Amino acid sequence: MDFSFSEEQEHFRKMLKDFAKQELLPNYTKWDREGVTPKHLWKKLGELGVNGLRIPFDYGGSSADCVTTGIAAEEIGRGDFNLTYAVMLNALIGEIITNHGSEDQKREWLPMISSGEKIVGIAITEPSAGTDAGGIKTTAVHKENVYILNGEKSGISVATSGDAFIIFAKTNPDLGNRGISAFIVPANLPGVETRGYEDLGNIPISRGSIYLNDVEVSEENLIGLENNGFAQVMNGFDLSRLLIGLQCVGAATQSLDETIEHVKNRHSFGKPLAAYQGVSFPIVTHFAQLEMVKWQAYRGLWLRDQGLKHSKESALVKWLGPKYSQEAIHECLLLNGHYAYTKEMPLEQRLRDVIGLEIGDGTAQANQMVIAKDIIGKEFRSY
Ligand SMILES: Cc1cc2nc3c(=O)[nH]c(=O)nc-3n(C[C@H](O)[C@H](O)[C@H](O)COP(=O)(O)OP(=O)(O)OC[C@H]3O[C@@H](n4cnc5c(N)ncnc54)[C@H](O)[C@@H]3O)c2cc1C
């Protein structure tokens with residue numbers, strides 16, 4: 001066993017840690033308050049090689065391994081939780097296009113995703129199908145050399161700021177999950193409309209609905225094989241779920257570090273707050289939970305890099321990473337007293353932001369279903 005990062009990985013971590021501290025953290029709350037997606041920072045992350053980590057060199061990426069991608073998720077999460085979507089979304093979409101896209105799709109989209117010039121979202125969820133993603137109703141009807149898409153996608157990250165979306169639609173409704181295909185759909189095509197939400201958190205991620213009314217895409221926009229879209233994306237979730245765990249751990253660890261500083265300096269009844277075990281033990285508890293989930297996340301990424309099974313590990317990290325992080329940030333907010341309840345401090349925003357990823361990319365129950373299927377057996381599932 002070897003738990004050490006390589007010298008190159010440590011160097012990458014240091015570079016991102018410094019960048020996150022100096023350039024991201026000071027403006028983390030600004031984008032939330034102003035309600036904007038800082039596209040210039042997506043480009044900046046592109047320059048640092050963060051957007052193209054899971055994209056091959058030949059298409060403008062850095063061909064990095066999954067463990068290195070996890071380092072980026074964790075360190076960017078310390079500075080600006082919402083910019084971790086540039087790590088996670090781009091890794092997920094980069095892998096889908098790299099592994100299943102045509103040569104033309106790779107040449108057209110991957111360099112622009114790597115550079116941060118274009119933001120691409122992934123749209124599966126619908127008003128009547130979230131956890132049960134196989135139940136989507138959006139259709140793509142093949143007519144001569146085009147597909148006509150109709151339907152509604154809901155809850156989609158970067159809905160109002162994205163340049164294109166990977167849209168999942170039924171090409172053969174009789175086949176259930178096996179009748180779903182994936183298409184690259186530019187946001188400016190006739191018939192595509194979007195509506196943003198007033199979300200609790202993740203404001204700069206501009207989540208919203210996408211409406212598809214007789215949207216015509218060419219056959220060249222189909223990703224991979226017809227009726228194979230679901231299988232193509234499910235493997236990608238095993239990566240994004242591990243990254244999400246680390247994004248959340250990054251935000252929570254930053255909150256703990258800030259809180260440790262606060263309790264060392266703030267006094268009550270003549271002693272620093274840190275001297276009271278009622279203060280230090282909760283900090284220790286959250287530190288311990290975050291450490292455990294962090295190392296399980298890196299283990300899952302390592303398994304993926306080795307080509308070994310890791311769905312159960314991913315589900316575990318996606319379930320407990322956001323949960324432990326949310327609980328840690330909540331405690332940090334309380335330990336900082338009433339100022340932390342104001343918008344002058346970042347803790348209330350971190351709490352709102354991290355809660356989003358207790359739902360996005362699969363809820364606690366969705367992930368527990370994956371674990372149950374693995375350790376108890378799929379013959380005992382009730383769905
Ligand atoms: C911040 C954020 C970002 C998102 N980004 C995207 C995106 O980019 N693209 C995209 O396609 N979607 C995205 N989503 C949507 C997200 O994937 C769905 O919200 C999620 O899968 C849950 O679906 P749902 O909201 O329809 O809830 P439902 O599926 O209706 O579930 C509601 C509740 O019931 C529970 N539940 C459901 N079925 C079962 C069961 N069988 N057993 C036990 N409990 C069950 C769930 O765990 C949940 O608590 C995002 C959501 C958020 C909050």
# chains A, B, ... in the order shown; residues from 1 in each chain; ligands from 1

call {"tool": "closest_atom_pairs", "arguments": {"of": "chain A", "to": "ligand 1", "cutoff": "8 Å", "atoms": "only C-alpha atoms and all ligand atoms", "output": "CSV"}}
result
residue,atom,partner,partner_atom_place_in_ligand_line,distance
A:Leu89,CA,ligand 1,8 (O),7.9
A:Gly121,CA,ligand 1,8 (O),6.0
A:Ile122,CA,ligand 1,9 (N),5.0
A:Ala123,CA,ligand 1,11 (O),3.9
A:Ile124,CA,ligand 1,11 (O),3.5
A:Thr125,CA,ligand 1,11 (O),3.9
A:Glu126,CA,ligand 1,26 (O),7.0
A:Pro127,CA,ligand 1,26 (O),6.5
A:Ser128,CA,ligand 1,26 (O),6.6
A:Ala129,CA,ligand 1,26 (O),5.4
A:Gly130,CA,ligand 1,23 (O),3.2
A:Thr131,CA,ligand 1,29 (O),3.6
A:Asp132,CA,ligand 1,29 (O),5.9
A:Ala133,CA,ligand 1,21 (O),7.3
A:Lys153,CA,ligand 1,11 (O),7.2
A:Ser154,CA,ligand 1,12 (N),6.7
A:Gly155,CA,ligand 1,14 (N),4.6
A:Ile156,CA,ligand 1,7 (C),3.8
A:Ser157,CA,ligand 1,8 (O),3.8
A:Val158,CA,ligand 1,8 (O),7.0
A:Ala159,CA,ligand 1,8 (O),7.9
A:Gly201,CA,ligand 1,1 (C),7.6
A:Asn202,CA,ligand 1,1 (C),6.2
A:Arg207,CA,ligand 1,3 (C),6.7
A:Asp353,CA,ligand 1,1 (C),7.7
A:Ile355,CA,ligand 1,1 (C),7.7
A:Gly356,CA,ligand 1,1 (C),3.9
A:Leu357,CA,ligand 1,1 (C),5.3
A:Glu358,CA,ligand 1,53 (C),7.2
A:Ile359,CA,ligand 1,53 (C),4.7
A:Gly360,CA,ligand 1,51 (C),3.5
A:Asp361,CA,ligand 1,17 (O),4.3
A:Gly362,CA,ligand 1,21 (O),4.5
A:Thr363,CA,ligand 1,47 (O),4.7
A:Ala364,CA,ligand 1,47 (O),5.8
A:Gln365,CA,ligand 1,47 (O),4.4
A:Ala366,CA,ligand 1,47 (O),5.5
A:Met369,CA,ligand 1,42 (N),7.5
A:Ser382,CA,ligand 1,41 (N),7.6
A:Tyr383,CA,ligand 1,41 (N),6.4

call {"tool": "residues_around", "arguments": {"residues": "A:Leu239", "least_positions_apart": "4", "cutoff": "12 Å", "atoms": "only C-alpha atoms", "output": "MDAnalysis selection string"}}
result
chainID A and resid 54 65:67 69:70 73 87:96 233:235 243:246 297:305 307 309:315 317:318 361

call {"tool": "residues_around", "arguments": {"residues": "stretch 226-232 of chain A", "least_positions_apart": "2", "cutoff": "12 Å", "atoms": "only C-alpha atoms", "output": "ChimeraX atom specification"}}
result
/A:92-93,95-101,122-124,132-136,139-142,147,166-184,219-224,234-238

call {"tool": "write_last_selection", "arguments": {"atoms": "C-alpha atoms", "output": "CSV table (one decimal), in the first residue's frame"}}
result
chain,number,residue,atom,x,y,z
A,92,LEU,CA,-17.6,14.0,-16.5
A,93,ILE,CA,-18.4,15.6,-20.0
A,95,GLU,CA,-14.8,11.5,-20.4
A,96,ILE,CA,-18.2,11.0,-22.1
A,97,ILE,CA,-17.1,12.8,-25.3
A,98,THR,CA,-13.6,11.2,-25.2
A,99,ASN,CA,-14.8,7.7,-24.7
A,100,HIS,CA,-18.0,7.7,-26.8
A,101,GLY,CA,-17.9,10.8,-29.1
A,122,ILE,CA,-25.3,17.7,-18.8
A,123,ALA,CA,-29.1,17.4,-18.8
A,124,ILE,CA,-30.8,14.2,-17.6
A,132,ASP,CA,-35.5,7.3,-11.4
A,133,ALA,CA,-33.5,8.7,-14.4
A,134,GLY,CA,-34.6,5.9,-16.7
A,135,GLY,CA,-38.1,7.3,-16.5
A,136,ILE,CA,-37.3,10.4,-18.7
A,139,THR,CA,-38.0,12.1,-27.0
A,140,ALA,CA,-35.6,12.2,-30.0
A,141,VAL,CA,-37.3,11.0,-33.2
A,142,HIS,CA,-35.0,9.9,-36.0
A,147,TYR,CA,-33.3,13.9,-34.8
A,166,ILE,CA,-25.5,16.9,-23.5
A,167,ILE,CA,-29.1,16.0,-23.6
A,168,PHE,CA,-30.5,12.6,-22.8
A,169,ALA,CA,-33.6,11.6,-24.7
A,170,LYS,CA,-35.6,8.4,-25.5
A,171,THR,CA,-34.9,7.1,-28.9
A,172,ASN,CA,-36.8,3.9,-28.2
A,173,PRO,CA,-39.3,4.2,-25.4
A,174,ASP,CA,-40.1,0.5,-25.5
A,175,LEU,CA,-36.5,-0.4,-24.3
A,176,GLY,CA,-36.6,1.5,-21.0
A,177,ASN,CA,-33.1,2.5,-19.8
A,178,ARG,CA,-31.7,0.9,-22.9
A,179,GLY,CA,-33.7,3.1,-25.2
A,180,ILE,CA,-32.0,6.4,-24.2
A,181,SER,CA,-29.5,8.3,-26.4
A,182,ALA,CA,-27.2,11.3,-25.7
A,183,PHE,CA,-26.9,14.3,-28.0
A,184,ILE,CA,-24.8,17.4,-28.0
A,219,GLU,CA,-27.1,12.7,-36.8
A,220,GLU,CA,-23.6,13.9,-36.2
A,221,ASN,CA,-24.8,15.3,-32.8
A,222,LEU,CA,-25.6,11.8,-31.5
A,223,ILE,CA,-22.9,10.7,-29.0
A,224,GLY,CA,-21.9,7.1,-29.3
A,234,MET,CA,-23.6,5.8,-15.6
A,235,ASN,CA,-19.9,5.0,-15.6
A,236,GLY,CA,-19.2,8.8,-15.6
A,237,PHE,CA,-21.2,9.2,-12.4
A,238,ASP,CA,-18.7,7.0,-10.6

call {"tool": "select_by_dssp", "arguments": {"residues": "stretch 11-222 of chain A", "states": "strand (DSSP E)", "output": "MDAnalysis selection string"}}
result
chainID A and resid 120:123 139:143 146:156 164:170 180:186 192:196 208:218 222

call {"tool": "closest_atom_pairs", "arguments": {"of": "stretch 181-273 of chain A", "to": "stretch 36-49 of chain A", "cutoff": "8 Å", "atoms": "only C-alpha atoms", "output": "CSV"}}
result
residue,atom,partner,partner_atom,distance
A:Ile203,CA,A:Val36,CA,7.5
A:Pro204,CA,A:Thr37,CA,4.4
A:Ile205,CA,A:Thr37,CA,6.3
A:Ser206,CA,A:Thr37,CA,6.9

call {"tool": "write_last_selection", "arguments": {"atoms": "all heavy atoms", "output": "PDB file, in the first residue's frame"}}
result
ATOM      1  N   ILE A 203     -25.573  29.675  -6.563  1.00  0.00           N
ATOM      2  CA  ILE A 203     -26.156  30.715  -7.430  1.00  0.00           C
ATOM      3  C   ILE A 203     -25.330  30.901  -8.718  1.00  0.00           C
ATOM      4  O   ILE A 203     -25.903  30.973  -9.812  1.00  0.00           O
ATOM      5  CB  ILE A 203     -26.285  32.083  -6.680  1.00  0.00           C
ATOM      6  CG1 ILE A 203     -27.016  31.910  -5.334  1.00  0.00           C
ATOM      7  CG2 ILE A 203     -26.926  33.158  -7.546  1.00  0.00           C
ATOM      8  CD1 ILE A 203     -28.458  31.508  -5.400  1.00  0.00           C
ATOM      9  N   PRO A 204     -23.982  30.981  -8.639  1.00  0.00           N
ATOM     10  CA  PRO A 204     -23.208  31.215  -9.869  1.00  0.00           C
ATOM     11  C   PRO A 204     -23.248  30.035 -10.855  1.00  0.00           C
ATOM     12  O   PRO A 204     -22.703  30.129 -11.944  1.00  0.00           O
ATOM     13  CB  PRO A 204     -21.775  31.441  -9.356  1.00  0.00           C
ATOM     14  CG  PRO A 204     -21.929  31.804  -7.922  1.00  0.00           C
ATOM     15  CD  PRO A 204     -23.109  31.022  -7.449  1.00  0.00           C
ATOM     16  N   ILE A 205     -23.886  28.947 -10.465  1.00  0.00           N
ATOM     17  CA  ILE A 205     -23.985  27.781 -11.343  1.00  0.00           C
ATOM     18  C   ILE A 205     -25.206  27.895 -12.249  1.00  0.00           C
ATOM     19  O   ILE A 205     -25.415  27.091 -13.161  1.00  0.00           O
ATOM     20  CB  ILE A 205     -23.986  26.485 -10.477  1.00  0.00           C
ATOM     21  CG1 ILE A 205     -22.593  26.256  -9.918  1.00  0.00           C
ATOM     22  CG2 ILE A 205     -24.418  25.238 -11.201  1.00  0.00           C
ATOM     23  CD1 ILE A 205     -21.491  26.391 -10.940  1.00  0.00           C
ATOM     24  N   SER A 206     -25.994  28.906 -12.015  1.00  0.00           N
ATOM     25  CA  SER A 206     -27.125  29.257 -12.896  1.00  0.00           C
ATOM     26  C   SER A 206     -27.954  28.033 -13.289  1.00  0.00           C
ATOM     27  O   SER A 206     -28.105  27.728 -14.466  1.00  0.00           O
ATOM     28  CB  SER A 206     -26.622  30.006 -14.137  1.00  0.00           C
ATOM     29  OG  SER A 206     -25.628  29.276 -14.831  1.00  0.00           O
TER      30      SER A 206
END
